[in-house]
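Enquirer: So I've got this file, coords37.pdb, and it contains PDB, C-alpha atoms, pLDDT in the B column:
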ATOM      1  CA  ALA A  78    -122.564 195.907  40.353  1.00 74.00           C
ATOM      2  CA  GLN A  79    -126.325 195.764  40.515  1.00 82.00           C
ATOM      3  CA  SER A  80    -127.562 193.070  42.845  1.00 89.00           C
ATOM      4  CA  VAL A  81    -130.096 191.929  45.388  1.00 94.00           C
ATOM      5  CA  ALA A  82    -129.382 189.979  48.562  1.00 95.00           C
ATOM      6  CA  GLN A  83    -131.489 187.944  50.946  1.00 96.00           C
ATOM      7  CA  PRO A  84    -129.211 187.417  53.935  1.00 96.00           C
ATOM      8  CA  GLU A  85    -131.213 184.611  55.549  1.00 96.00           C
ATOM      9  CA  ASP A  86    -131.535 181.159  54.006  1.00 95.00           C
ATOM     10  CA  GLN A  87    -134.356 180.308  56.408  1.00 97.00           C
ATOM     11  CA  VAL A  88    -136.627 182.111  58.815  1.00 98.00           C
ATOM     12  CA  ASN A  89    -138.469 180.229  61.548  1.00 98.00           C
ATOM     13  CA  VAL A  90    -141.456 181.766  63.283  1.00 98.00           C
ATOM     14  CA  ALA A  91    -144.317 180.547  65.438  1.00 98.00           C
ATOM     15  CA  GLU A  92    -147.851 180.939  64.158  1.00 98.00           C
ATOM     16  CA  GLY A  93    -149.341 184.234  65.261  1.00 97.00           C
ATOM     17  CA  ASN A  94    -145.978 185.961  65.627  1.00 98.00           C
ATOM     18  CA  PRO A  95    -144.708 188.701  63.305  1.00 98.00           C
ATOM     19  CA  LEU A  96    -142.827 187.584  60.227  1.00 98.00           C
ATOM     20  CA  THR A  97    -140.001 189.535  58.573  1.00 98.00           C
ATOM     21  CA  VAL A  98    -138.028 188.471  55.508  1.00 98.00           C
ATOM     22  CA  LYS A  99    -135.054 190.692  54.710  1.00 98.00           C
ATOM     23  CA  CYS A 100    -133.912 192.040  51.353  1.00 98.00           C
ATOM     24  CA  THR A 101    -131.220 194.545  50.435  1.00 97.00           C
ATOM     25  CA  TYR A 102    -130.372 195.838  46.985  1.00 96.00           C
ATOM     26  CA  SER A 103    -127.786 197.720  44.995  1.00 93.00           C
ATOM     27  CA  VAL A 104    -128.894 199.344  41.729  1.00 88.00           C
ATOM     28  CA  SER A 105    -128.268 202.428  39.683  1.00 83.00           C
ATOM     29  CA  GLY A 106    -131.051 204.967  39.665  1.00 82.00           C
ATOM     30  CA  ASN A 107    -134.470 204.501  41.205  1.00 83.00           C
ATOM     31  CA  PRO A 108    -135.174 200.886  42.106  1.00 89.00           C
ATOM     32  CA  TYR A 109    -138.132 198.792  41.052  1.00 91.00           C
ATOM     33  CA  LEU A 110    -138.501 196.157  43.795  1.00 95.00           C
ATOM     34  CA  PHE A 111    -140.664 193.040  43.940  1.00 96.00           C
ATOM     35  CA  TRP A 112    -141.571 190.202  46.266  1.00 97.00           C
ATOM     36  CA  TYR A 113    -142.730 186.785  45.096  1.00 97.00           C
ATOM     37  CA  VAL A 114    -143.703 183.602  46.945  1.00 97.00           C
ATOM     38  CA  GLN A 115    -143.231 180.035  45.733  1.00 96.00           C
ATOM     39  CA  TYR A 116    -144.910 176.902  47.060  1.00 94.00           C
ATOM     40  CA  PRO A 117    -143.317 173.497  46.368  1.00 89.00           C
ATOM     41  CA  ASN A 118    -143.222 172.534  42.687  1.00 86.00           C
ATOM     42  CA  ARG A 119    -145.177 175.625  41.710  1.00 90.00           C
ATOM     43  CA  GLY A 120    -144.458 178.829  39.860  1.00 92.00           C
ATOM     44  CA  LEU A 121    -143.830 182.148  41.577  1.00 95.00           C
ATOM     45  CA  GLN A 122    -146.786 184.195  42.784  1.00 95.00           C
ATOM     46  CA  PHE A 123    -146.543 187.977  42.831  1.00 94.00           C
ATOM     47  CA  LEU A 124    -147.027 189.509  46.296  1.00 96.00           C
ATOM     48  CA  LEU A 125    -146.232 193.200  45.956  1.00 95.00           C
ATOM     49  CA  LYS A 126    -143.953 195.758  44.380  1.00 94.00           C
ATOM     50  CA  TYR A 127    -142.466 199.200  44.939  1.00 93.00           C
ATOM     51  CA  ILE A 128    -142.077 201.509  41.964  1.00 89.00           C
ATOM     52  CA  THR A 129    -142.614 204.944  43.435  1.00 85.00           C
ATOM     53  CA  GLY A 130    -144.743 206.693  46.036  1.00 86.00           C
ATOM     54  CA  ASP A 131    -145.498 205.595  49.593  1.00 90.00           C
ATOM     55  CA  ASN A 132    -142.623 203.709  51.194  1.00 93.00           C
ATOM     56  CA  LEU A 133    -145.017 201.215  52.803  1.00 96.00           C
ATOM     57  CA  VAL A 134    -146.467 198.896  50.186  1.00 95.00           C
ATOM     58  CA  LYS A 135    -149.374 196.581  50.911  1.00 95.00           C
ATOM     59  CA  GLY A 136    -149.788 193.373  48.954  1.00 94.00           C
ATOM     60  CA  SER A 137    -151.587 190.061  48.807  1.00 92.00           C
ATOM     61  CA  TYR A 138    -152.391 187.716  51.717  1.00 93.00           C
ATOM     62  CA  GLY A 139    -151.767 190.397  54.377  1.00 96.00           C
ATOM     63  CA  PHE A 140    -148.137 191.006  53.429  1.00 97.00           C
ATOM     64  CA  GLU A 141    -146.524 194.418  53.294  1.00 97.00           C
ATOM     65  CA  ALA A 142    -143.045 195.731  52.618  1.00 98.00           C
ATOM     66  CA  GLU A 143    -141.199 198.876  53.543  1.00 96.00           C
ATOM     67  CA  PHE A 144    -138.890 200.608  51.113  1.00 96.00           C
ATOM     68  CA  ASN A 145    -135.964 202.249  52.902  1.00 96.00           C
ATOM     69  CA  LYS A 146    -133.797 204.241  50.526  1.00 93.00           C
ATOM     70  CA  SER A 147    -131.092 205.148  53.038  1.00 94.00           C
ATOM     71  CA  GLN A 148    -130.591 201.522  54.051  1.00 95.00           C
ATOM     72  CA  THR A 149    -131.242 200.207  50.511  1.00 95.00           C
ATOM     73  CA  SER A 150    -133.656 197.660  51.939  1.00 97.00           C
ATOM     74  CA  PHE A 151    -137.078 196.293  51.071  1.00 98.00           C
ATOM     75  CA  HIS A 152    -138.051 193.941  53.893  1.00 98.00           C
ATOM     76  CA  LEU A 153    -141.222 191.871  53.652  1.00 98.00           C
ATOM     77  CA  LYS A 154    -143.448 191.765  56.725  1.00 98.00           C
ATOM     78  CA  LYS A 155    -146.597 190.173  58.032  1.00 98.00           C
ATOM     79  CA  PRO A 156    -148.005 191.085  61.457  1.00 97.00           C
ATOM     80  CA  SER A 157    -149.295 187.594  62.287  1.00 97.00           C
ATOM     81  CA  ALA A 158    -147.889 184.567  60.461  1.00 98.00           C
ATOM     82  CA  LEU A 159    -149.951 181.545  59.449  1.00 97.00           C
ATOM     83  CA  VAL A 160    -148.803 177.966  58.953  1.00 97.00           C
ATOM     84  CA  SER A 161    -149.926 178.348  55.340  1.00 96.00           C
ATOM     85  CA  ASP A 162    -147.323 181.127  54.883  1.00 97.00           C
ATOM     86  CA  SER A 163    -144.610 178.471  54.935  1.00 97.00           C
ATOM     87  CA  ALA A 164    -142.997 178.785  51.517  1.00 97.00           C
ATOM     88  CA  LEU A 165    -139.984 180.107  49.628  1.00 97.00           C
ATOM     89  CA  TYR A 166    -139.873 183.890  49.265  1.00 98.00           C
ATOM     90  CA  PHE A 167    -137.938 185.779  46.601  1.00 97.00           C
ATOM     91  CA  CYS A 168    -136.983 189.428  46.436  1.00 97.00           C
ATOM     92  CA  ALA A 169    -136.219 190.865  42.992  1.00 96.00           C
ATOM     93  CA  VAL A 170    -134.941 194.146  41.601  1.00 93.00           C
ATOM     94  CA  ARG A 171    -135.161 195.513  38.090  1.00 88.00           C
ATOM     95  CA  VAL A 172    -131.757 195.853  36.468  1.00 84.00           C
ATOM     96  CA  LEU A 173    -131.540 198.144  33.466  1.00 77.00           C
ATOM     97  CA  ALA A 174    -130.052 196.669  30.298  1.00 69.00           C
ATOM     98  CA  PRO A 175    -128.621 198.596  27.355  1.00 68.00           C
ATOM     99  CA  THR A 176    -130.497 196.477  24.812  1.00 65.00           C
ATOM    100  CA  ASP A 177    -134.055 197.205  25.876  1.00 64.00           C
ATOM    101  CA  SER A 178    -136.119 199.873  27.563  1.00 69.00           C
ATOM    102  CA  TRP A 179    -137.382 197.945  30.585  1.00 76.00           C
ATOM    103  CA  GLY A 180    -134.440 195.795  31.613  1.00 79.00           C
ATOM    104  CA  LYS A 181    -134.727 192.516  33.489  1.00 86.00           C
ATOM    105  CA  LEU A 182    -135.323 191.201  36.985  1.00 91.00           C
ATOM    106  CA  GLN A 183    -132.501 189.978  39.170  1.00 92.00           C
ATOM    107  CA  PHE A 184    -133.624 187.644  41.934  1.00 94.00           C
ATOM    108  CA  GLY A 185    -132.232 186.988  45.364  1.00 94.00           C
ATOM    109  CA  ALA A 186    -131.397 183.413  46.326  1.00 94.00           C
ATOM    110  CA  GLY A 187    -134.629 183.049  48.251  1.00 96.00           C
ATOM    111  CA  THR A 188    -135.568 182.682  51.912  1.00 97.00           C
ATOM    112  CA  GLN A 189    -137.388 179.606  53.182  1.00 97.00           C
ATOM    113  CA  VAL A 190    -140.045 180.559  55.712  1.00 98.00           C
ATOM    114  CA  VAL A 191    -141.158 177.910  58.187  1.00 98.00           C
ATOM    115  CA  VAL A 192    -144.167 178.729  60.370  1.00 98.00           C
ATOM    116  CA  THR A 193    -144.767 176.257  63.191  1.00 97.00           C
ATOM    117  CA  PRO A 194    -148.152 175.721  64.852  1.00 96.00           C
TER     118      PRO A 194
ATOM    119  CA  ASP B   4    -150.322 181.005  37.748  1.00 48.00           C
ATOM    120  CA  GLY B   5    -153.431 182.006  35.843  1.00 54.00           C
ATOM    121  CA  GLY B   6    -153.031 183.024  32.216  1.00 92.00           C
ATOM    122  CA  ILE B   7    -149.683 181.312  31.623  1.00 95.00           C
ATOM    123  CA  THR B   8    -149.453 177.616  30.886  1.00 96.00           C
ATOM    124  CA  GLN B   9    -146.378 175.450  30.651  1.00 97.00           C
ATOM    125  CA  SER B  10    -146.209 171.917  29.395  1.00 94.00           C
ATOM    126  CA  PRO B  11    -145.342 169.291  30.217  1.00 94.00           C
ATOM    127  CA  LYS B  12    -145.181 169.510  34.014  1.00 94.00           C
ATOM    128  CA  TYR B  13    -142.526 166.797  34.174  1.00 95.00           C
ATOM    129  CA  LEU B  14    -140.112 165.893  31.388  1.00 94.00           C
ATOM    130  CA  PHE B  15    -137.470 163.223  31.190  1.00 93.00           C
ATOM    131  CA  ARG B  16    -134.718 163.296  28.618  1.00 90.00           C
ATOM    132  CA  LYS B  17    -131.844 161.071  27.713  1.00 90.00           C
ATOM    133  CA  GLU B  18    -128.412 162.593  27.376  1.00 88.00           C
ATOM    134  CA  GLY B  19    -127.745 163.902  23.880  1.00 88.00           C
ATOM    135  CA  GLN B  20    -131.379 164.648  23.077  1.00 91.00           C
ATOM    136  CA  ASN B  21    -132.875 168.044  22.408  1.00 93.00           C
ATOM    137  CA  VAL B  22    -136.158 168.818  24.126  1.00 95.00           C
ATOM    138  CA  THR B  23    -138.632 171.688  23.771  1.00 96.00           C
ATOM    139  CA  LEU B  24    -140.577 173.216  26.658  1.00 97.00           C
ATOM    140  CA  SER B  25    -143.833 174.955  25.868  1.00 97.00           C
ATOM    141  CA  CYS B  26    -144.990 178.307  27.265  1.00 98.00           C
ATOM    142  CA  GLU B  27    -148.278 179.946  26.282  1.00 97.00           C
ATOM    143  CA  GLN B  28    -149.934 183.071  27.684  1.00 96.00           C
ATOM    144  CA  ASN B  29    -153.373 184.575  27.086  1.00 94.00           C
ATOM    145  CA  LEU B  30    -152.700 187.837  28.945  1.00 91.00           C
ATOM    146  CA  ASN B  31    -151.866 189.785  25.781  1.00 91.00           C
ATOM    147  CA  HIS B  32    -148.442 190.600  27.235  1.00 91.00           C
ATOM    148  CA  ASP B  33    -145.671 191.714  24.920  1.00 90.00           C
ATOM    149  CA  ALA B  34    -142.712 190.551  26.994  1.00 93.00           C
ATOM    150  CA  MET B  35    -141.913 186.939  27.893  1.00 96.00           C
ATOM    151  CA  TYR B  36    -139.081 185.346  29.854  1.00 96.00           C
ATOM    152  CA  TRP B  37    -137.475 181.988  30.571  1.00 98.00           C
ATOM    153  CA  TYR B  38    -135.772 181.263  33.892  1.00 97.00           C
ATOM    154  CA  ARG B  39    -133.940 178.319  35.302  1.00 97.00           C
ATOM    155  CA  GLN B  40    -134.218 177.490  39.006  1.00 96.00           C
ATOM    156  CA  ASP B  41    -131.698 175.373  40.881  1.00 93.00           C
ATOM    157  CA  PRO B  42    -131.774 174.756  44.641  1.00 83.00           C
ATOM    158  CA  GLY B  43    -130.167 177.582  46.602  1.00 76.00           C
ATOM    159  CA  GLN B  44    -129.485 179.727  43.523  1.00 79.00           C
ATOM    160  CA  GLY B  45    -132.706 181.570  42.979  1.00 86.00           C
ATOM    161  CA  LEU B  46    -133.812 182.199  39.407  1.00 94.00           C
ATOM    162  CA  ARG B  47    -131.433 182.809  36.539  1.00 95.00           C
ATOM    163  CA  LEU B  48    -132.543 184.376  33.271  1.00 95.00           C
ATOM    164  CA  ILE B  49    -132.018 182.261  30.136  1.00 97.00           C
ATOM    165  CA  TYR B  50    -133.695 184.267  27.345  1.00 96.00           C
ATOM    166  CA  TYR B  51    -136.269 187.009  27.075  1.00 94.00           C
ATOM    167  CA  SER B  52    -138.361 188.589  24.376  1.00 94.00           C
ATOM    168  CA  GLN B  53    -139.832 192.085  24.450  1.00 90.00           C
ATOM    169  CA  ILE B  54    -141.807 191.708  21.235  1.00 90.00           C
ATOM    170  CA  VAL B  55    -142.700 189.187  18.553  1.00 94.00           C
ATOM    171  CA  ASN B  56    -139.808 188.077  16.316  1.00 95.00           C
ATOM    172  CA  ASP B  57    -137.213 189.503  18.693  1.00 92.00           C
ATOM    173  CA  PHE B  58    -135.392 188.003  21.685  1.00 94.00           C
ATOM    174  CA  GLN B  59    -132.230 188.545  23.705  1.00 92.00           C
ATOM    175  CA  LYS B  60    -129.865 186.300  25.614  1.00 93.00           C
ATOM    176  CA  GLY B  61    -130.062 186.381  29.365  1.00 93.00           C
ATOM    177  CA  ASP B  62    -127.360 185.451  31.847  1.00 92.00           C
ATOM    178  CA  ILE B  63    -127.131 181.721  31.035  1.00 95.00           C
ATOM    179  CA  ALA B  64    -128.176 181.317  27.383  1.00 96.00           C
ATOM    180  CA  GLU B  65    -125.516 178.768  26.370  1.00 96.00           C
ATOM    181  CA  GLY B  66    -127.074 175.451  25.368  1.00 96.00           C
ATOM    182  CA  TYR B  67    -130.561 176.910  24.971  1.00 97.00           C
ATOM    183  CA  SER B  68    -132.527 178.368  22.061  1.00 97.00           C
ATOM    184  CA  VAL B  69    -135.889 180.123  21.729  1.00 98.00           C
ATOM    185  CA  SER B  70    -138.282 181.465  19.135  1.00 97.00           C
ATOM    186  CA  ARG B  71    -141.039 184.082  19.290  1.00 97.00           C
ATOM    187  CA  GLU B  72    -143.182 183.692  16.191  1.00 97.00           C
ATOM    188  CA  LYS B  73    -146.442 184.492  17.983  1.00 96.00           C
ATOM    189  CA  LYS B  74    -147.218 186.921  20.776  1.00 96.00           C
ATOM    190  CA  GLU B  75    -148.736 184.243  22.992  1.00 97.00           C
ATOM    191  CA  SER B  76    -146.020 181.599  22.592  1.00 98.00           C
ATOM    192  CA  PHE B  77    -142.353 181.470  23.645  1.00 98.00           C
ATOM    193  CA  PRO B  78    -140.981 177.897  23.436  1.00 98.00           C
ATOM    194  CA  LEU B  79    -137.596 176.998  24.906  1.00 98.00           C
ATOM    195  CA  THR B  80    -135.379 174.289  23.434  1.00 97.00           C
ATOM    196  CA  VAL B  81    -132.815 172.672  25.681  1.00 96.00           C
ATOM    197  CA  THR B  82    -130.110 171.355  23.382  1.00 94.00           C
ATOM    198  CA  SER B  83    -127.577 168.611  23.892  1.00 89.00           C
ATOM    199  CA  ALA B  84    -124.963 171.355  24.318  1.00 88.00           C
ATOM    200  CA  GLN B  85    -126.417 172.247  27.723  1.00 89.00           C
ATOM    201  CA  LYS B  86    -124.078 170.479  30.131  1.00 88.00           C
ATOM    202  CA  ASN B  87    -126.324 170.268  33.154  1.00 90.00           C
ATOM    203  CA  PRO B  88    -129.949 170.647  32.062  1.00 93.00           C
ATOM    204  CA  THR B  89    -131.662 169.031  35.037  1.00 94.00           C
ATOM    205  CA  ALA B  90    -133.580 171.883  36.678  1.00 95.00           C
ATOM    206  CA  PHE B  91    -136.952 173.526  37.176  1.00 96.00           C
ATOM    207  CA  TYR B  92    -137.802 175.843  34.273  1.00 97.00           C
ATOM    208  CA  LEU B  93    -140.124 178.807  34.704  1.00 97.00           C
ATOM    209  CA  CYS B  94    -141.721 180.942  32.045  1.00 97.00           C
ATOM    210  CA  ALA B  95    -143.025 184.441  32.765  1.00 96.00           C
ATOM    211  CA  SER B  96    -144.699 187.271  30.947  1.00 95.00           C
ATOM    212  CA  ARG B  97    -144.815 190.969  31.737  1.00 92.00           C
ATOM    213  CA  GLY B  98    -147.497 193.511  31.012  1.00 80.00           C
ATOM    214  CA  ARG B  99    -150.538 195.299  32.272  1.00 65.00           C
ATOM    215  CA  THR B 100    -152.972 193.150  34.222  1.00 59.00           C
ATOM    216  CA  SER B 101    -156.046 194.145  36.204  1.00 56.00           C
ATOM    217  CA  GLY B 102    -154.948 195.489  39.574  1.00 55.00           C
ATOM    218  CA  SER B 103    -151.333 195.912  38.555  1.00 56.00           C
ATOM    219  CA  GLY B 104    -149.224 198.014  36.221  1.00 61.00           C
ATOM    220  CA  PRO B 105    -147.111 197.062  33.219  1.00 67.00           C
ATOM    221  CA  ASP B 106    -144.036 196.323  35.308  1.00 79.00           C
ATOM    222  CA  THR B 107    -145.012 193.039  36.935  1.00 88.00           C
ATOM    223  CA  GLN B 108    -143.864 189.636  35.745  1.00 92.00           C
ATOM    224  CA  TYR B 109    -146.331 186.778  36.117  1.00 93.00           C
ATOM    225  CA  PHE B 110    -145.140 183.185  36.174  1.00 95.00           C
ATOM    226  CA  GLY B 111    -146.337 179.896  34.815  1.00 96.00           C
ATOM    227  CA  PRO B 112    -146.441 176.696  36.913  1.00 95.00           C
ATOM    228  CA  GLY B 113    -143.067 175.444  35.673  1.00 96.00           C
ATOM    229  CA  THR B 114    -141.617 172.360  34.000  1.00 96.00           C
ATOM    230  CA  ARG B 115    -139.277 170.032  35.847  1.00 95.00           C
ATOM    231  CA  LEU B 116    -136.728 168.581  33.455  1.00 95.00           C
ATOM    232  CA  THR B 117    -134.690 165.551  34.443  1.00 94.00           C
ATOM    233  CA  VAL B 118    -131.880 164.136  32.339  1.00 91.00           C
ATOM    234  CA  LEU B 119    -131.527 160.382  32.740  1.00 86.00           C
TER     235      LEU B 119
END
Can you present the structure in this file as structure tokens?
Expert:
Amino acid sequence: AQSVAQPEDQVNVAEGNPLTVKCTYSVSGNPYLFWYVQYPNRGLQFLLKYITGDNLVKGSYGFEAEFNKSQTSFHLKKPSALVSDSALYFCAVRVLAPTDSWGKLQFGAGTQVVVTP
Amino acid sequence: DGGITQSPKYLFRKEGQNVTLSCEQNLNHDAMYWYRQDPGQGLRLIYYSQIVNDFQKGDIAEGYSVSREKKESFPLTVTSAQKNPTAFYLCASRGRTSGSGPDTQYFGPGTRLTVL
């Protein structure tokens, strides 16, 4: 089955410390992987994606993610967390569908990040 | 959220009533999507449309209906057949946008539906 998992419901980190949000996936073929962030009562904001190329992907607001094919992971990272990074983070993977050429996104359950001053 | 609007932001419905959620985009994207978000469950796909006058059921289409008569509009109707409609509903579109390729979905601000 094609799926994506975020093993941590919540990640707590002190401001200024490194932040890592974990994501693992299981798909057929080459994965398209995405990270989004959601603030309370708002829509999702796109952070970054991996389609092909360099395994280290840089995105918005100082975030980056590393694609690891052997471990089927796509962890989100930020070297120095800010209080304003406190939000809900979603990992997503493209799942191919027989009825259309692009497929659809399957989302993880989300990880709540809490950054304390 | 820029380029995709959803209205209303909050919606209250009595049991047994149908209600329609609006989604409009000015990004010239071909593909549009509707998701439902419940606490602790991430996003689940309700319906999607790759092109005007065509749409497909997602993972939880029962009790919902959509139309795609115009490229920029993809309204979602929550019918009385939907057993538990209280949720946060998100619309998205996918296509080429400055600084990104054609594979990225962009989301609207969402509509919170509450059944009284």
Enquirer: Could you pull the residues within 9 Å of stretch 39-53 of chain B, counting all atoms listed in the file, minus those fewer than 6 positions along the same chain, as a ChimeraX atom specification?
Expert: /A:86,167,177,179,181-187 /B:33,59-65,67-71,77,79,89-94,97
Enquirer: Report the closest atom pair, with its distance in Å rounded to one decimal, for each residue of stretch 146-168 of chain A that has an atom no farther than 8 Å from stretch 102-123 of chain A; count all atoms listed in the file, sort by chain and then rising residue number, and write it as JSON lines.
Expert:
{"residue": "A:Thr149", "atom": "CA", "partner": "A:Tyr102", "partner_atom": "CA", "distance": 5.7}
{"residue": "A:Ser150", "atom": "CA", "partner": "A:Tyr102", "partner_atom": "CA", "distance": 6.2}
{"residue": "A:Phe151", "atom": "CA", "partner": "A:Leu110", "partner_atom": "CA", "distance": 7.4}
{"residue": "A:Leu153", "atom": "CA", "partner": "A:Trp112", "partner_atom": "CA", "distance": 7.6}
{"residue": "A:Ala164", "atom": "CA", "partner": "A:Tyr116", "partner_atom": "CA", "distance": 5.2}
{"residue": "A:Leu165", "atom": "CA", "partner": "A:Gln115", "partner_atom": "CA", "distance": 5.1}
{"residue": "A:Tyr166", "atom": "CA", "partner": "A:Val114", "partner_atom": "CA", "distance": 4.5}
{"residue": "A:Phe167", "atom": "CA", "partner": "A:Tyr113", "partner_atom": "CA", "distance": 5.1}
{"residue": "A:Cys168", "atom": "CA", "partner": "A:Trp112", "partner_atom": "CA", "distance": 4.7}
Enquirer: Kindly give the distance, in Å, that separates atom CA of A:Gly136 and atom CA of A:Val98, rounded to a single decimal.
Expert: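 For atom CA of A:Gly136 relative to atom CA of A:Val98, the distance reads 14.3 Å.
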Enquirer: Quick one, how far is atom CA of B:Asn31 from atom CA of B:Pro112?
Expert: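 Separating atom CA of B:Asn31 from atom CA of B:Pro112 is a distance of 18.0 Å.
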Enquirer: Residues near A:Ser163, anyone? I mean within 9 Å using only C-alpha atoms, not counting same-chain ones fewer than 3 positions away, as a compact mmCIF listing (two decimals) with C-alpha atoms, keeping the file's coordinate frame.
Expert:
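Output file selection-v1.txt follows:
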# COMPACT_ATOMS: atom_id res chain seq x y z
CA TYR A 116 -144.91 176.90 47.06
CA ALA A 158 -147.89 184.57 60.46
CA LEU A 159 -149.95 181.54 59.45
CA VAL A 160 -148.80 177.97 58.95
CA GLN A 189 -137.39 179.61 53.18
CA VAL A 190 -140.04 180.56 55.71
CA VAL A 191 -141.16 177.91 58.19
CA VAL A 192 -144.17 178.73 60.37
CA THR A 193 -144.77 176.26 63.19
Enquirer: Dig up all the protein and nucleic acid residues within 10 Å of (-139.4, 198.8, 54.1) in the file frame, using all atoms listed in the file, and format them as a ChimeraX atom specification.
Expert: /A:99-101,127,132-134,141-146,148-154
Enquirer: Find the residue from B:Thr82, B:Gln20, B:Gln108, B:Ser76 that sits nearest to chain A; use all atoms listed in the file when measuring.
Expert: B:Gln108
Enquirer: What separation in Å, quoted to one decimal, exists between atom CA of B:Ala34 and atom CA of A:Val170?
Expert: 16.9 Å
Enquirer: With all heavy atoms as the target, complete stretch 38-44 of chain B and hand it back as a short mmCIF file (atom, residue, chain, number, x, y, z; two decimals), keeping the file's coordinate frame.
Expert:
data_model
loop_
_atom_site.label_atom_id
_atom_site.label_comp_id
_atom_site.auth_asym_id
_atom_site.auth_seq_id
_atom_site.Cartn_x
_atom_site.Cartn_y
_atom_site.Cartn_z
N TYR B 38 -136.70 181.35 32.78
CA TYR B 38 -135.77 181.26 33.89
C TYR B 38 -135.47 179.81 34.20
O TYR B 38 -136.29 178.92 33.97
CB TYR B 38 -136.36 181.89 35.16
CG TYR B 38 -136.59 183.37 35.09
CD1 TYR B 38 -137.80 183.89 34.65
CD2 TYR B 38 -135.60 184.26 35.51
CE1 TYR B 38 -138.01 185.26 34.61
CE2 TYR B 38 -135.81 185.62 35.48
CZ TYR B 38 -137.02 186.12 35.03
OH TYR B 38 -137.22 187.47 35.00
N ARG B 39 -134.32 179.63 34.78
CA ARG B 39 -133.94 178.32 35.30
C ARG B 39 -133.79 178.45 36.81
O ARG B 39 -133.21 179.43 37.31
CB ARG B 39 -132.62 177.89 34.67
CG ARG B 39 -132.00 176.66 35.30
CD ARG B 39 -130.69 176.29 34.69
NE ARG B 39 -130.05 175.23 35.44
CZ ARG B 39 -129.43 174.21 34.91
NH1 ARG B 39 -129.32 174.10 33.59
NH2 ARG B 39 -128.88 173.28 35.68
N GLN B 40 -134.32 177.47 37.55
CA GLN B 40 -134.22 177.49 39.01
C GLN B 40 -133.50 176.24 39.49
O GLN B 40 -133.91 175.12 39.18
CB GLN B 40 -135.61 177.57 39.66
CG GLN B 40 -135.55 177.70 41.17
CD GLN B 40 -136.92 177.84 41.80
OE1 GLN B 40 -137.93 177.53 41.19
NE2 GLN B 40 -136.94 178.31 43.02
N ASP B 41 -132.44 176.44 40.23
CA ASP B 41 -131.70 175.37 40.88
C ASP B 41 -131.73 175.62 42.38
O ASP B 41 -131.77 176.78 42.82
CB ASP B 41 -130.25 175.34 40.39
CG ASP B 41 -130.14 175.02 38.91
OD1 ASP B 41 -130.27 173.84 38.57
OD2 ASP B 41 -129.93 175.96 38.11
N PRO B 42 -131.70 174.58 43.18
CA PRO B 42 -131.77 174.76 44.64
C PRO B 42 -130.69 175.70 45.15
O PRO B 42 -129.52 175.57 44.82
CB PRO B 42 -131.57 173.33 45.16
CG PRO B 42 -132.02 172.44 44.05
CD PRO B 42 -131.63 173.17 42.79
N GLY B 43 -131.11 176.67 45.97
CA GLY B 43 -130.17 177.58 46.60
C GLY B 43 -129.60 178.66 45.71
O GLY B 43 -128.76 179.45 46.15
N GLN B 44 -130.05 178.73 44.45
CA GLN B 44 -129.49 179.73 43.52
C GLN B 44 -130.51 180.71 43.01
O GLN B 44 -130.20 181.52 42.17
CB GLN B 44 -128.84 179.02 42.32
CG GLN B 44 -127.63 178.19 42.68
CD GLN B 44 -126.83 177.80 41.45
OE1 GLN B 44 -126.60 178.61 40.56
NE2 GLN B 44 -126.40 176.55 41.41
#
